[in-house]
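*Asks:* Quick one: the structure is below, questions incoming.
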Amino acid sequence: MITLTMNGLPVTVEEGTTLLEAARFLGFPIPTLCHLEGLSPYGACRLCVVEIGQGTIAKLVTSCTYPAEEGLKVRTASTRVMRARKMILELLLASCPQSKTIQDLASAYEVRKQRFRQEYDDCILCGLCVRMCEEQMMAKAIGFRGRGERRSVGTPFDVPSQACRLCGACMYVCPACQLRCTYNEPEKAICGSCANLSPPCLEKKAFDDMMCYMAPCVACEIRKD
Amino acid sequence: MERLGSPEDFAALQERFIADRDTRIPVIVIPAGTCGQASGANDLIRIAKREVLSNGLAGKIRIRITGCHGFCQAEPSVLIEPEGTFYPQLGIKQMTRVVQAVGEGRVVEDLLWRDRKTYKRVQRQSDIPFFRGQRRTILARNEKIDPIRIYDYIENGGYSALVKVLAEGNPRWVVDEVKASGLRGRGGAGFPTGVKWELLANARNGQGKFLVCNADEGDPGAYMDRSVLEGNPQSVIEGMLIGAYGTGATQGIVYVRTEYPLAIKHLVIALRQAHGLGLLGENILGTGFSFDIQIVKGAGAFVCGEETALIRSVEGERGEPRQRPPYPIERGIGGRPTAINNVETWANIPIIVDEGAARFSKVGSPQNTGTKIFSLVGKVRNTGLVEVPMGITIGEIVHGAGGGASGRAEIKAVQTGGPSGGCLPASMFDLPINYESLTAAGSIMGSGGMIVMDDNTCMVDVAKYFMKFLKDESCGKCFICRKGTQRMWEILDDITTGKGTLEQLNLLEELALAVKDASMCGLGQTASNPVLSTLRYFRDEYLTHIERKFCPATVCRDLFTYRVIAEKCTGCGLCIKVCPTGAITGPRKEVHNLNQSKCIKCRACFEICKFDAIAGDAIIAVPPR
């Protein structure tokens with residue numbers, strides 16, 4: 001067992017526990033987008049950063065990957081952490097304003113506007129779908145390609161993959177496109193009144209006959225018309 | 001090539017080489033690294049060979065083709081041993097004269113290097129200011145060695161450090177020696193090499209350990225690793241062998257970028273020759289110690305110089321970093337303990353073992369021992385690789401070896417550490433160069449790039465250039481680095497095109513601090529340095545861009561127009577000649593006219609005018625605050 005201090009409270013956790021698991025067990029809220037139990041930690045969304053260490057050697061680390069260490073002093077919501085988190089949320093809002101998940105998170109952290117040029121991306125490249133496909137579905141049908149701003153998720157050479165079983169797991173885990181806000185002026189952002197109108201089965205032929213997990217969803221009714 | 005069966009065999013071979021050496025025969029040394037070949041060294045080699053053969057000088061003159069010596073400004077150059085006569089920038093015809101003169105034992109006076117201040121000719125390489133200010137421990141070996149001949153290396157004391165280590169027979173001694181030398185990683189972060197080795201030596205793993213030489217040098221304008229690998233690959237191999245002996249590593253990997261074909265070629269030859277002599281592979285020199293080195297070619301992603309990304313790349317995965325811990329020293333390539341050191345670090349190892357840690361640690365300053373190679377480029381007279389003791393000031397490099405500003409404009413700043421480094425103003429040139437001082441000043445040591453900038457450089461534009469590089473080279477895995485660098489570039493682009501606002505400037509700073517704080521790997525954590533350091537030291541330039549919509553250095557094209565200053569223009573006509581669009585007109589010896597509608601602001605007239613008669617004006621007249 002390992003004893004560490006979290007937000008001033010002494011905590012004892014099992015060896016191998018990550019800081020995120022420890023914090024969640026204790027009820028300290030840490031937001032995440034790229035973390036999902038059952039998938040390997042990735043540390044890409046950076047929302048789960050916490051501050052460790054003291055004085056000049058204090059630093060931010062991702063709690064989803066950092067293992068609990070003996071005597072570690074962790075602050076899950078210090079000024080530094082909140083500043084970084086808010087900036088990340090602002091960047092997320094600037095890129096993917098239509099995701100309900102992101103809007104809710106931003107709203108919870110009182111990020112009410114963003115100051116960058118508005119973009120309308122869907123994907124935040126959290127890698128959940130890629131890891132889901134590889135680790136849980138054992139398919140490895142999709143992966144990342146490109147780097148920097150040209151990074152994207154897809155099948156190799158954009159050819160429909162033989163390995164894909166159309167299981168829909170990738171969509172199920174997606175924080176950005178699973179719930180889409182269709183409010184017509186997304187830059188005015190967080191209205192909280194979104195209707196869940198556009199699941200992928202409407203837009204992509206390949207997902208026509210997939211098992212539907214999206215309830216309530218009006219897509220099927222729309223298609224009937 | 002005969003396999004050497006024991007350290008004694010090796011000693012006999014080395015002694016034979018040294019005994020056979022005839023120092024009276026003049027040697028024409030032609031540096032032909034990538035830089036030398038690009039500027040025409042291959043022609044010089046051809047001419048030299050032809051002249052020697054056709055004039056019956058074979059046997060009386062030797063020719064040695066080496067790697068780069070460092071004085072890039074003077075390429076293609078030739079060095080004559082044993083006198084050390086240095087001929088810079090030789091052409092084909094001049095080479096003929098040089099070979100004839102060497103044959104007759106003369107010196108060609110009019111081809112010697114000329115001092116630009118005193119106009120005196122300087123004969124010896126060691127008297128030239130560029131070389132005089134240096135302490136060349138690693139680079140000096142490049143002159144002595146033909147990189148494709150292992151015998152050259154052995155003749156100059158090569159592999160005697162390995163033999164010394166094998167004779168000592170105590171791995172612990174090697175690690176202690178490196179620790180005592182105080183050598184710190186030359187790749188940029190400055191982690192003590194000895195400590196890293198100790199960790200690796202103590203790491204227990206039944207499946208072996210890895211040593212990696214990181215030759216993925218991606219900084220724009222930096223090429224010290226390339227020069228060492230091209231000019232002296234054996235020293236890196238020897239360093240890795242010593243490291244393997246000390247740490248118990250079983251396999252070595254040189255991770256080198258495909259963009260360095262000559263370095264790869266020389267390395268392949270060096271490895272083959274070392275294998276042939278029994279200095280690499282199974283049962284080295286009959287001592288039972290085995291170690292082998294493989295080359296892995298990187299596809300040229302900047303981020304693959306980061307150690308966790310490098311490991312992924314070696315494993316054949318996408319080159320993107322992962323969050324540490326676990327550190328590579330615990331779980332590296334294939335889950336096995338791995339120590340990664342830079343090329344320059346490895347090249348230092350044989351020197352440390354050879355001359356002893358005590359002597360090595362006397363060079364430089366106490367916490368920062370030894371020498372460091374910097375690649376000095378930009379607006380200085382002498383560009384090239386300079387090897388100086390640590391702790392020397394920036395000014396000593398720029399004004400000493402560098403020879404000061406290359407043009408009429410004064411030196412304004414130095415950018416150290418590549419794209420992730422920062423810009424330090426001329427007022428800080430007294431700063432001693434070491435890992436801590438540079439970090440405190442908002443820059444980094446990095447791998448040793450040093451870009452000098454003068455008054456004609458716009459610092460906002462510089463920050464934008466580096467941010468463009470970083471946004472393209474960020475792997476994109478972690479969100480804040482990917483989007484953060486993109487957004488920083490976007491704001492900088494707005495500022496340089498006149499669309500910037502003061503709110504954006506604050507946002508830029510806020511964002512830069514967040515990116516620095518929350519990024520996953522070294523690339524993201526240092527990506528803000530170009531922005532933060534220019535904001536710290538050159539904020540007034542940002543403000544001029546935003547408030548007056550004017551670029552004082554006349555670089556940002558949307559923010560100025562050129563005009564001819566009537567009082568200064570002598571009507572010499574130089575600008576008329578260089579103007580690509582014919583925007584400047586006027587008779588000779590009369591003040592010229594500049595037609596704004598034709599001007600594309602290419603800067604050609606601005607740069608060529610000897611009388612500073614071309615000036616940039618703000619387009620929109622906004623009164624200064």
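Chains: A, B, ... in order of the structure tokens. Residues: from 1 per chain. Ligands: from 1, in order shown.
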Can you tell me, as a JSON list (two decimals) with C-alpha atoms, in the first residue's frame, what residues are no more than 10 Å from region 549-553 of chain B when counting only C-alpha atoms, ignoring any on the same chain fewer than 6 positions away?
*Replies:*
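As a result, part.json now contains:
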```
[["chain", "number", "residue", "atom", "x", "y", "z"],
["B", 454, "ASP", "CA", 20.82, 41.79, -36.39],
["B", 455, "ASP", "CA", 18.66, 44.89, -36.53],
["B", 456, "ASN", "CA", 17.21, 43.82, -39.85],
["B", 457, "THR", "CA", 15.53, 40.84, -38.23],
["B", 458, "CYS", "CA", 11.98, 41.19, -36.99],
["B", 459, "MET", "CA", 11.60, 39.32, -33.72],
["B", 460, "VAL", "CA", 7.87, 38.78, -34.19],
["B", 461, "ASP", "CA", 8.61, 37.21, -37.53],
["B", 495, "ILE", "CA", 0.18, 40.42, -35.56],
["B", 496, "THR", "CA", 2.59, 40.30, -38.49],
["B", 497, "THR", "CA", -0.18, 41.08, -40.97],
["B", 498, "GLY", "CA", -1.50, 44.02, -39.01],
["B", 499, "LYS", "CA", -4.60, 42.39, -37.64],
["B", 500, "GLY", "CA", -3.30, 41.92, -34.12],
["B", 541, "GLU", "CA", 8.47, 45.23, -31.23],
["B", 542, "TYR", "CA", 5.19, 43.43, -30.69],
["B", 543, "LEU", "CA", 3.61, 46.70, -29.55],
["B", 559, "LEU", "CA", 3.19, 46.61, -42.50],
["B", 560, "PHE", "CA", 5.49, 48.94, -44.42],
["B", 561, "THR", "CA", 6.29, 50.53, -47.75],
["B", 615, "ALA", "CA", 13.89, 53.00, -45.68],
["B", 616, "GLY", "CA", 10.64, 51.42, -44.64],
["B", 617, "ASP", "CA", 7.65, 53.54, -43.68],
["B", 618, "ALA", "CA", 4.48, 52.62, -41.89],
["B", 619, "ILE", "CA", 1.58, 52.36, -44.30],
["B", 620, "ILE", "CA", -1.01, 53.78, -41.98],
["B", 621, "ALA", "CA", 0.24, 56.77, -40.05],
["B", 622, "VAL", "CA", -0.63, 55.99, -36.47]]
```
*Asks:* Which neighbours of Ala426 (chain B) fall inside 12 Å, counting only C-alpha atoms, when residues of the same chain fewer than 4 positions from it are skipped, and could you give them as an MDAnalysis selection string?
*Replies:* chainID B and resid 393:396 398:399 404:405 410:415 430:431 452:455 537:538
*Asks:* May I have the residues of chain B within 9 Å of chain A, counting only C-alpha atoms, written as a PyMOL selection string?
*Replies:* chain B and resi 318+322-326+470-484+486-487+490-491+504+507+510-511+513-515+517-520
*Asks:* If you run DSSP on the backbone, which residues of region 138-366 of chain B are alpha helix (DSSP H), as number ranges by chain?
*Replies:* B: 139-144, 150-155, 160-168, 171-181, 193-202, 224-231, 233-247, 261-276, 307-315, 343-355, 357-362
*Asks:* So that I can check the surroundings of Glu51 (chain B), please list as a PDB file with C-alpha atoms, in the first residue's frame every protein, DNA and RNA residue that reaches within 10 Å of it, counting only C-alpha atoms and ignoring chain neighbours fewer than 5 positions away.
*Replies:*
```pdb
ATOM      1  CA  ILE B  45      39.704  16.239 -54.511  1.00  0.00           C
ATOM      2  CA  ARG B  46      39.629  15.421 -58.204  1.00  0.00           C
ATOM      3  CA  GLY B  56      54.905  12.722 -60.353  1.00  0.00           C
ATOM      4  CA  LEU B  57      54.261  13.791 -56.777  1.00  0.00           C
ATOM      5  CA  ALA B  58      52.856  10.460 -55.679  1.00  0.00           C
ATOM      6  CA  MET B  95      43.699  24.227 -56.247  1.00  0.00           C
ATOM      7  CA  THR B  96      46.174  23.452 -59.025  1.00  0.00           C
ATOM      8  CA  ARG B  97      48.437  26.214 -57.745  1.00  0.00           C
ATOM      9  CA  VAL B  98      48.144  25.003 -54.183  1.00  0.00           C
ATOM     10  CA  VAL B  99      49.153  21.435 -55.092  1.00  0.00           C
ATOM     11  CA  GLN B 100      52.147  22.687 -57.067  1.00  0.00           C
ATOM     12  CA  GLY B 103      55.091  19.986 -54.017  1.00  0.00           C
TER      13      GLY B 103
END
```
*Asks:* Extract, using only C-alpha atoms, all DNA, RNA and protein residues at most 8 Å from region 119-122 of chain A, discarding same-chain residues fewer than 5 positions from it, and format them as a list in words.
*Replies:*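 These residues fall inside the cut-off: Ala94, Ser95, Cys96, Pro97, Gln98, Ser99, Ala176 and Cys177 of chain A.
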*Asks:* Based on the selection just made, write N, CA and C atoms of those residues as a PDB file, in the first residue's frame.
*Replies:*
```pdb
ATOM      1  N   ALA A  94     -12.935  26.309 -29.061  1.00  0.00           N
ATOM      2  CA  ALA A  94     -12.605  27.015 -30.292  1.00  0.00           C
ATOM      3  C   ALA A  94     -12.553  26.075 -31.478  1.00  0.00           C
ATOM      4  N   SER A  95     -12.261  24.794 -31.217  1.00  0.00           N
ATOM      5  CA  SER A  95     -12.117  23.851 -32.326  1.00  0.00           C
ATOM      6  C   SER A  95     -13.384  23.034 -32.556  1.00  0.00           C
ATOM      7  N   CYS A  96     -13.982  22.548 -31.488  1.00  0.00           N
ATOM      8  CA  CYS A  96     -15.108  21.634 -31.612  1.00  0.00           C
ATOM      9  C   CYS A  96     -16.298  22.155 -30.807  1.00  0.00           C
ATOM     10  N   PRO A  97     -16.891  23.238 -31.247  1.00  0.00           N
ATOM     11  CA  PRO A  97     -17.941  23.841 -30.420  1.00  0.00           C
ATOM     12  C   PRO A  97     -19.216  23.022 -30.386  1.00  0.00           C
ATOM     13  N   GLN A  98     -19.323  22.037 -31.292  1.00  0.00           N
ATOM     14  CA  GLN A  98     -20.608  21.359 -31.376  1.00  0.00           C
ATOM     15  C   GLN A  98     -20.753  20.166 -30.448  1.00  0.00           C
ATOM     16  N   SER A  99     -19.685  19.806 -29.775  1.00  0.00           N
ATOM     17  CA  SER A  99     -19.786  18.642 -28.901  1.00  0.00           C
ATOM     18  C   SER A  99     -20.468  19.007 -27.589  1.00  0.00           C
ATOM     19  N   ALA A 176     -16.828  13.495 -28.784  1.00  0.00           N
ATOM     20  CA  ALA A 176     -17.115  14.682 -29.579  1.00  0.00           C
ATOM     21  C   ALA A 176     -18.322  14.506 -30.484  1.00  0.00           C
ATOM     22  N   CYS A 177     -18.458  13.327 -31.091  1.00  0.00           N
ATOM     23  CA  CYS A 177     -19.527  13.207 -32.063  1.00  0.00           C
ATOM     24  C   CYS A 177     -20.709  12.392 -31.553  1.00  0.00           C
TER      25      CYS A 177
END
```
*Asks:* Quick one: everything within 7 Å of Thr76 (chain A), counting only C-alpha atoms, minus sequence neighbours fewer than 2 positions away in the same chain. Send it as a VMD selection string.
*Replies:* chain A and resid 7 50 to 51 74 78
*Asks:* Could you name the residues that touch Leu4 (chain A) at 10 Å or less, counting only C-alpha atoms, but leaving out those on the same chain fewer than 3 positions away, as a list in words?
*Replies:* Met1, Asn7, Gly8, Leu9, Pro10, Val11, Thr12, Val13, Leu19, Ala22, Ala68, Glu69, Glu70, Gly71, Leu72, Lys73 and Val74 of chain A
*Asks:* What would the file look like if the residues just selected were written as a short mmCIF file (atom, residue, chain, number, x, y, z; two decimals), in the first residue's frame with N, CA and C atoms?
*Replies:*
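Heads up, here's the output in again27.cif:
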```
data_model
loop_
_atom_site.label_atom_id
_atom_site.label_comp_id
_atom_site.auth_asym_id
_atom_site.auth_seq_id
_atom_site.Cartn_x
_atom_site.Cartn_y
_atom_site.Cartn_z
N MET A 1 0.85 -1.20 0.00
CA MET A 1 0.00 0.00 0.00
C MET A 1 0.88 1.25 0.00
N ASN A 7 -4.74 16.84 -2.01
CA ASN A 7 -5.40 18.06 -1.55
C ASN A 7 -5.35 18.17 -0.02
N GLY A 8 -4.21 17.79 0.53
CA GLY A 8 -4.03 17.93 1.97
C GLY A 8 -4.51 16.73 2.78
N LEU A 9 -5.23 15.80 2.14
CA LEU A 9 -5.73 14.63 2.87
C LEU A 9 -4.78 13.46 2.68
N PRO A 10 -4.40 12.81 3.76
CA PRO A 10 -3.58 11.60 3.59
C PRO A 10 -4.44 10.46 3.03
N VAL A 11 -3.90 9.76 2.06
CA VAL A 11 -4.66 8.73 1.36
C VAL A 11 -3.80 7.49 1.25
N THR A 12 -4.39 6.34 1.42
CA THR A 12 -3.66 5.10 1.19
C THR A 12 -4.31 4.34 0.05
N VAL A 13 -3.52 4.05 -0.96
CA VAL A 13 -4.06 3.32 -2.11
C VAL A 13 -3.18 2.13 -2.43
N LEU A 19 -3.09 8.28 -10.23
CA LEU A 19 -3.59 9.41 -9.44
C LEU A 19 -5.06 9.68 -9.75
N ALA A 22 -7.17 7.24 -7.86
CA ALA A 22 -7.16 7.59 -6.45
C ALA A 22 -8.08 8.79 -6.19
N ALA A 68 0.64 6.34 -8.46
CA ALA A 68 0.76 6.86 -7.09
C ALA A 68 2.12 6.50 -6.55
N GLU A 69 2.78 7.50 -5.93
CA GLU A 69 4.10 7.27 -5.35
C GLU A 69 4.04 7.59 -3.86
N GLU A 70 4.89 6.90 -3.13
CA GLU A 70 4.93 7.10 -1.68
C GLU A 70 5.25 8.57 -1.35
N GLY A 71 4.45 9.18 -0.51
CA GLY A 71 4.75 10.52 -0.03
C GLY A 71 4.46 11.64 -1.01
N LEU A 72 3.86 11.32 -2.12
CA LEU A 72 3.59 12.33 -3.15
C LEU A 72 2.54 13.33 -2.65
N LYS A 73 2.75 14.61 -2.97
CA LYS A 73 1.75 15.61 -2.60
C LYS A 73 1.04 16.06 -3.88
N VAL A 74 -0.25 15.79 -3.94
CA VAL A 74 -1.01 16.05 -5.16
C VAL A 74 -2.04 17.13 -4.90
#
```
